[in-house]
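So this block is query_22.pdb, PDB, N, CA, C and O atoms:
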```
ATOM      1  N   LEU A 157      96.469  59.320 132.249
ATOM      2  CA  LEU A 157      96.351  60.654 131.697
ATOM      3  C   LEU A 157      97.732  61.212 131.371
ATOM      4  O   LEU A 157      98.695  60.953 132.065
ATOM      5  N   SER A 158      97.784  61.977 130.334
ATOM      6  CA  SER A 158      99.024  62.619 129.929
ATOM      7  C   SER A 158      98.867  64.122 130.138
ATOM      8  O   SER A 158      97.975  64.747 129.577
ATOM      9  N   ARG A 159      99.731  64.687 130.964
ATOM     10  CA  ARG A 159      99.625  66.107 131.314
ATOM     11  C   ARG A 159      99.961  67.003 130.136
ATOM     12  O   ARG A 159     100.847  66.713 129.337
ATOM     13  N   LEU A 160      99.262  68.119 130.063
ATOM     14  CA  LEU A 160      99.487  69.086 129.005
ATOM     15  C   LEU A 160     100.918  69.628 129.042
ATOM     16  O   LEU A 160     101.528  69.818 127.995
ATOM     17  N   ASP A 161     101.464  69.832 130.239
ATOM     18  CA  ASP A 161     102.818  70.399 130.315
ATOM     19  C   ASP A 161     103.879  69.450 129.760
ATOM     20  O   ASP A 161     104.944  69.907 129.327
ATOM     21  N   ILE A 162     103.610  68.159 129.719
ATOM     22  CA  ILE A 162     104.542  67.216 129.096
ATOM     23  C   ILE A 162     104.569  67.461 127.585
ATOM     24  O   ILE A 162     105.626  67.401 126.953
ATOM     25  N   PHE A 163     103.412  67.767 127.014
ATOM     26  CA  PHE A 163     103.369  68.067 125.589
ATOM     27  C   PHE A 163     104.087  69.372 125.275
ATOM     28  O   PHE A 163     104.708  69.506 124.212
ATOM     29  N   VAL A 164     104.021  70.336 126.180
ATOM     30  CA  VAL A 164     104.772  71.581 125.983
ATOM     31  C   VAL A 164     106.256  71.258 125.874
ATOM     32  O   VAL A 164     106.942  71.719 124.953
ATOM     33  N   LYS A 165     106.741  70.439 126.787
ATOM     34  CA  LYS A 165     108.159  70.044 126.774
ATOM     35  C   LYS A 165     108.499  69.280 125.494
ATOM     36  O   LYS A 165     109.478  69.591 124.811
ATOM     37  N   ASP A 166     107.669  68.294 125.146
ATOM     38  CA  ASP A 166     107.933  67.470 123.971
ATOM     39  C   ASP A 166     107.902  68.278 122.678
ATOM     40  O   ASP A 166     108.752  68.103 121.801
ATOM     41  N   MET A 167     106.937  69.178 122.557
ATOM     42  CA  MET A 167     106.860  69.990 121.347
ATOM     43  C   MET A 167     108.025  70.973 121.264
ATOM     44  O   MET A 167     108.470  71.318 120.174
ATOM     45  N   GLY A 168     108.533  71.389 122.418
ATOM     46  CA  GLY A 168     109.735  72.221 122.430
ATOM     47  C   GLY A 168     110.933  71.460 121.876
ATOM     48  O   GLY A 168     111.750  72.010 121.136
ATOM     49  N   ILE A 169     111.030  70.185 122.223
ATOM     50  CA  ILE A 169     112.112  69.333 121.708
ATOM     51  C   ILE A 169     111.976  69.175 120.193
ATOM     52  O   ILE A 169     112.965  69.275 119.453
ATOM     53  N   VAL A 170     110.753  68.957 119.731
ATOM     54  CA  VAL A 170     110.502  68.823 118.288
ATOM     55  C   VAL A 170     110.911  70.106 117.565
ATOM     56  O   VAL A 170     111.600  70.064 116.543
ATOM     57  N   GLY A 171     110.489  71.236 118.098
ATOM     58  CA  GLY A 171     110.823  72.523 117.470
ATOM     59  C   GLY A 171     112.313  72.776 117.409
ATOM     60  O   GLY A 171     112.836  73.210 116.380
ATOM     61  N   LYS A 172     113.003  72.481 118.506
ATOM     62  CA  LYS A 172     114.453  72.690 118.530
ATOM     63  C   LYS A 172     115.152  71.783 117.524
ATOM     64  O   LYS A 172     116.043  72.220 116.802
ATOM     65  N   ALA A 173     114.734  70.520 117.458
ATOM     66  CA  ALA A 173     115.336  69.583 116.505
ATOM     67  C   ALA A 173     115.087  70.025 115.066
ATOM     68  O   ALA A 173     115.991  69.950 114.218
ATOM     69  N   ALA A 174     113.878  70.510 114.797
ATOM     70  CA  ALA A 174     113.557  70.971 113.447
ATOM     71  C   ALA A 174     114.401  72.181 113.068
ATOM     72  O   ALA A 174     114.936  72.248 111.956
ATOM     73  N   ARG A 175     114.532  73.130 113.997
ATOM     74  CA  ARG A 175     115.353  74.317 113.705
ATOM     75  C   ARG A 175     116.802  73.935 113.483
ATOM     76  O   ARG A 175     117.456  74.448 112.570
ATOM     77  N   THR A 176     117.317  73.016 114.290
ATOM     78  CA  THR A 176     118.706  72.559 114.145
ATOM     79  C   THR A 176     118.924  71.929 112.777
ATOM     80  O   THR A 176     119.974  72.117 112.155
ATOM     81  N   ALA A 177     117.924  71.176 112.313
ATOM     82  CA  ALA A 177     118.020  70.512 111.016
ATOM     83  C   ALA A 177     117.659  71.432 109.849
ATOM     84  O   ALA A 177     117.777  71.042 108.695
ATOM     85  N   GLY A 178     117.216  72.641 110.153
ATOM     86  CA  GLY A 178     116.835  73.582 109.104
ATOM     87  C   GLY A 178     115.535  73.219 108.417
ATOM     88  O   GLY A 178     115.343  73.521 107.247
ATOM     89  N   LEU A 179     114.632  72.575 109.157
ATOM     90  CA  LEU A 179     113.360  72.146 108.601
ATOM     91  C   LEU A 179     112.216  73.029 109.076
ATOM     92  O   LEU A 179     112.197  73.468 110.219
ATOM     93  N   ALA A 180     111.265  73.247 108.204
ATOM     94  CA  ALA A 180     110.044  73.963 108.567
ATOM     95  C   ALA A 180     109.018  72.945 109.048
ATOM     96  O   ALA A 180     108.795  71.932 108.389
ATOM     97  N   THR A 181     108.436  73.195 110.200
ATOM     98  CA  THR A 181     107.421  72.294 110.754
ATOM     99  C   THR A 181     106.231  73.134 111.220
ATOM    100  O   THR A 181     105.994  73.281 112.421
ATOM    101  N   PRO A 182     105.470  73.681 110.275
ATOM    102  CA  PRO A 182     104.394  74.591 110.666
ATOM    103  C   PRO A 182     103.302  73.941 111.516
ATOM    104  O   PRO A 182     102.754  74.596 112.401
ATOM    105  N   VAL A 183     102.984  72.691 111.276
ATOM    106  CA  VAL A 183     101.936  72.045 112.063
ATOM    107  C   VAL A 183     102.433  71.812 113.494
ATOM    108  O   VAL A 183     101.713  72.077 114.463
ATOM    109  N   ALA A 184     103.665  71.348 113.633
ATOM    110  CA  ALA A 184     104.236  71.152 114.968
ATOM    111  C   ALA A 184     104.357  72.483 115.699
ATOM    112  O   ALA A 184     104.089  72.568 116.904
ATOM    113  N   ALA A 185     104.738  73.537 114.991
ATOM    114  CA  ALA A 185     104.863  74.854 115.618
ATOM    115  C   ALA A 185     103.499  75.360 116.082
ATOM    116  O   ALA A 185     103.370  75.929 117.173
ATOM    117  N   GLY A 186     102.472  75.128 115.274
ATOM    118  CA  GLY A 186     101.121  75.519 115.666
ATOM    119  C   GLY A 186     100.644  74.742 116.884
ATOM    120  O   GLY A 186     100.033  75.311 117.798
ATOM    121  N   ALA A 187     100.924  73.447 116.900
ATOM    122  CA  ALA A 187     100.546  72.619 118.050
ATOM    123  C   ALA A 187     101.255  73.101 119.303
ATOM    124  O   ALA A 187     100.647  73.206 120.377
ATOM    125  N   GLU A 188     102.539  73.410 119.178
ATOM    126  CA  GLU A 188     103.295  73.904 120.339
ATOM    127  C   GLU A 188     102.661  75.183 120.884
ATOM    128  O   GLU A 188     102.528  75.349 122.098
ATOM    129  N   GLN A 189     102.235  76.072 120.001
ATOM    130  CA  GLN A 189     101.611  77.317 120.441
ATOM    131  C   GLN A 189     100.308  77.053 121.199
ATOM    132  O   GLN A 189     100.020  77.706 122.198
ATOM    133  N   LEU A 190      99.523  76.091 120.728
ATOM    134  CA  LEU A 190      98.277  75.752 121.433
ATOM    135  C   LEU A 190      98.569  75.218 122.827
ATOM    136  O   LEU A 190      97.900  75.585 123.793
ATOM    137  N   TYR A 191      99.562  74.340 122.947
ATOM    138  CA  TYR A 191      99.913  73.796 124.262
ATOM    139  C   TYR A 191     100.475  74.885 125.173
ATOM    140  O   TYR A 191     100.175  74.917 126.374
ATOM    141  N   LEU A 192     101.263  75.803 124.606
ATOM    142  CA  LEU A 192     101.780  76.912 125.412
ATOM    143  C   LEU A 192     100.639  77.812 125.898
ATOM    144  O   LEU A 192     100.647  78.268 127.050
ATOM    145  N   LEU A 193      99.666  78.063 125.044
ATOM    146  CA  LEU A 193      98.501  78.860 125.453
ATOM    147  C   LEU A 193      97.723  78.150 126.558
ATOM    148  O   LEU A 193      97.281  78.780 127.514
ATOM    149  N   GLY A 194      97.562  76.843 126.419
ATOM    150  CA  GLY A 194      96.880  76.077 127.462
ATOM    151  C   GLY A 194      97.607  76.158 128.787
ATOM    152  O   GLY A 194      96.997  76.333 129.843
ATOM    153  N   GLN A 195      98.920  76.053 128.727
ATOM    154  CA  GLN A 195      99.721  76.162 129.950
ATOM    155  C   GLN A 195      99.555  77.554 130.570
ATOM    156  O   GLN A 195      99.384  77.676 131.790
ATOM    157  N   ALA A 196      99.574  78.579 129.751
ATOM    158  CA  ALA A 196      99.405  79.945 130.242
ATOM    159  C   ALA A 196      98.022  80.179 130.847
ATOM    160  O   ALA A 196      97.850  81.046 131.703
ATOM    161  N   GLN A 197      97.042  79.380 130.422
ATOM    162  CA  GLN A 197      95.691  79.498 130.948
ATOM    163  C   GLN A 197      95.474  78.627 132.184
ATOM    164  O   GLN A 197      94.351  78.474 132.651
ATOM    165  N   GLY A 198      96.557  78.048 132.692
ATOM    166  CA  GLY A 198      96.456  77.275 133.920
ATOM    167  C   GLY A 198      96.080  75.815 133.729
ATOM    168  O   GLY A 198      95.660  75.149 134.668
ATOM    169  N   LEU A 199      96.257  75.298 132.521
ATOM    170  CA  LEU A 199      95.880  73.919 132.234
ATOM    171  C   LEU A 199      97.059  72.949 132.259
ATOM    172  O   LEU A 199      96.915  71.803 131.838
ATOM    173  N   ALA A 200      98.208  73.375 132.755
ATOM    174  CA  ALA A 200      99.421  72.556 132.695
ATOM    175  C   ALA A 200      99.249  71.172 133.305
ATOM    176  O   ALA A 200      99.734  70.181 132.768
ATOM    177  N   ALA A 201      98.553  71.074 134.416
ATOM    178  CA  ALA A 201      98.390  69.785 135.099
ATOM    179  C   ALA A 201      97.213  68.982 134.557
ATOM    180  O   ALA A 201      97.038  67.822 134.927
ATOM    181  N   ALA A 202      96.449  69.566 133.649
ATOM    182  CA  ALA A 202      95.288  68.874 133.082
ATOM    183  C   ALA A 202      95.733  67.872 132.027
ATOM    184  O   ALA A 202      96.853  67.939 131.497
ATOM    185  N   ASP A 203      94.856  66.935 131.704
ATOM    186  CA  ASP A 203      95.096  66.001 130.613
ATOM    187  C   ASP A 203      95.327  66.809 129.328
ATOM    188  O   ASP A 203      94.723  67.869 129.141
ATOM    189  N   ASP A 204      96.194  66.310 128.463
ATOM    190  CA  ASP A 204      96.518  67.054 127.249
ATOM    191  C   ASP A 204      95.303  67.322 126.368
ATOM    192  O   ASP A 204      95.304  68.257 125.577
ATOM    193  N   SER A 205      94.243  66.548 126.524
ATOM    194  CA  SER A 205      93.034  66.806 125.743
ATOM    195  C   SER A 205      92.370  68.127 126.140
ATOM    196  O   SER A 205      91.522  68.650 125.401
ATOM    197  N   ALA A 206      92.775  68.694 127.270
ATOM    198  CA  ALA A 206      92.230  69.979 127.705
ATOM    199  C   ALA A 206      92.605  71.108 126.755
ATOM    200  O   ALA A 206      92.045  72.199 126.848
ATOM    201  N   VAL A 207      93.527  70.845 125.829
ATOM    202  CA  VAL A 207      93.918  71.871 124.860
ATOM    203  C   VAL A 207      92.707  72.313 124.030
ATOM    204  O   VAL A 207      92.697  73.420 123.483
ATOM    205  N   ILE A 208      91.663  71.504 123.971
ATOM    206  CA  ILE A 208      90.442  71.897 123.252
ATOM    207  C   ILE A 208      89.851  73.165 123.858
ATOM    208  O   ILE A 208      89.203  73.949 123.172
ATOM    209  N   LYS A 209      90.109  73.406 125.137
ATOM    210  CA  LYS A 209      89.608  74.618 125.792
ATOM    211  C   LYS A 209      90.273  75.870 125.229
ATOM    212  O   LYS A 209      89.731  76.962 125.332
ATOM    213  N   VAL A 210      91.453  75.711 124.644
ATOM    214  CA  VAL A 210      92.137  76.835 123.999
ATOM    215  C   VAL A 210      91.479  77.120 122.659
ATOM    216  O   VAL A 210      91.250  78.270 122.297
ATOM    217  N   VAL A 211      91.142  76.055 121.937
ATOM    218  CA  VAL A 211      90.564  76.186 120.604
ATOM    219  C   VAL A 211      89.096  76.589 120.673
ATOM    220  O   VAL A 211      88.637  77.425 119.898
ATOM    221  N   ALA A 212      88.359  75.989 121.595
ATOM    222  CA  ALA A 212      86.921  76.235 121.711
ATOM    223  C   ALA A 212      86.565  76.457 123.169
ATOM    224  O   ALA A 212      86.036  75.573 123.833
ATOM    225  N   PRO A 213      86.882  77.645 123.695
ATOM    226  CA  PRO A 213      86.570  77.916 125.105
ATOM    227  C   PRO A 213      85.061  77.895 125.357
ATOM    228  O   PRO A 213      84.278  78.193 124.448
ATOM    229  N   ALA A 214      84.688  77.537 126.542
ATOM    230  CA  ALA A 214      83.273  77.520 126.910
ATOM    231  C   ALA A 214      82.724  78.941 126.850
ATOM    232  O   ALA A 214      83.434  79.910 127.150
ATOM    233  N   LYS A 215      81.461  79.057 126.496
ATOM    234  CA  LYS A 215      80.847  80.381 126.465
ATOM    235  C   LYS A 215      80.678  80.888 127.893
ATOM    236  O   LYS A 215      80.336  80.136 128.803
ATOM    237  N   ARG A 216      80.917  82.142 128.050
ATOM    238  CA  ARG A 216      80.735  82.771 129.360
ATOM    239  C   ARG A 216      79.277  83.101 129.560
ATOM    240  O   ARG A 216      78.594  83.574 128.650
ATOM    241  N   THR A 217      78.794  82.877 130.757
ATOM    242  CA  THR A 217      77.444  83.278 131.087
ATOM    243  C   THR A 217      77.518  84.492 131.999
ATOM    244  O   THR A 217      78.390  84.597 132.853
ATOM    245  N   ARG A 218      76.617  85.396 131.800
ATOM    246  CA  ARG A 218      76.658  86.632 132.589
ATOM    247  C   ARG A 218      75.546  86.652 133.575
ATOM    248  O   ARG A 218      74.547  86.198 133.553
TER     249      ARG A 218
END
```

As structure tokens, how would this structure be written, given the file I've shared?
Amino acid sequence: LSRLDIFVKDMGIVGKAARTAGLATPVAAGAEQLYLLGQAQGLAAADDSAVIKVVAPAKRTR
């Protein structure tokens, strides 16, 4: 399994390299935001596929 927080770190490296090179990377930036949201939701130790919970959260039952 690959932890979600590893992707946060890796996407941060991608973003920094792109900014240093003066390149726009909108897809990478969007992916980084999804991983950051997942981390903020407590999914850091989960498999990186858990990011789907950010995109399509389970419906709440009342």

### Task
Looking only at alpha helix (DSSP H) from DSSP on the backbone, list the matching residues of chain A as an NGL selection string.
:A and (160-177 or 182-196 or 208-211)

### Answer as a ChimeraX atom specification, residues within 4.5 Å of (105.5, 70.2, 120.1) using only N, CA, C and O atoms
/A:163,166-168,184,188

### Task
Tell me, in Å to one decimal, how far atom CA of A:Ser205 is from atom CA of A:Ile162.
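Atom-to-atom, atom CA of A:Ser205 to atom CA of A:Ile162, that is 12.0 Å.
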
### Task
Measure the distance from atom CA of A:Leu190 to atom CA of A:Val164 in Å and round it to one decimal.
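Separating atom CA of A:Leu190 from atom CA of A:Val164 is a distance of 9.0 Å.
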
### Query
For A:Asp204, which residue out of A:Thr176, A:Thr181, A:Gln189, A:Ser158 is the nearest one, using only N, CA, C and O atoms?
A:Ser158

### Summary
Correct to one decimal, the distance atom CA of A:Pro182-atom CA of A:Ala212 is 20.7 Å

### Task
Within 10 Å of A:Lys209, counting only C-alpha atoms, which residues show up once you throw out same-chain ones fewer than 5 positions away? Write them as a list in words, please.
Leu190, Leu193, Gly194, Gln197, Leu199 and Ala214 of chain A

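The smallest atom-to-atom distance between A:Arg159 and any of A:Ala202, A:Val207, A:Ala185, A:Ala173, using only N, CA, C and O atoms, is found for A:Ala202.
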
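Checking A:Leu179, A:Tyr191, A:Lys172, A:Leu157 one by one against A:Val210, counting all atoms listed in the file, you find the shortest gap at A:Tyr191.
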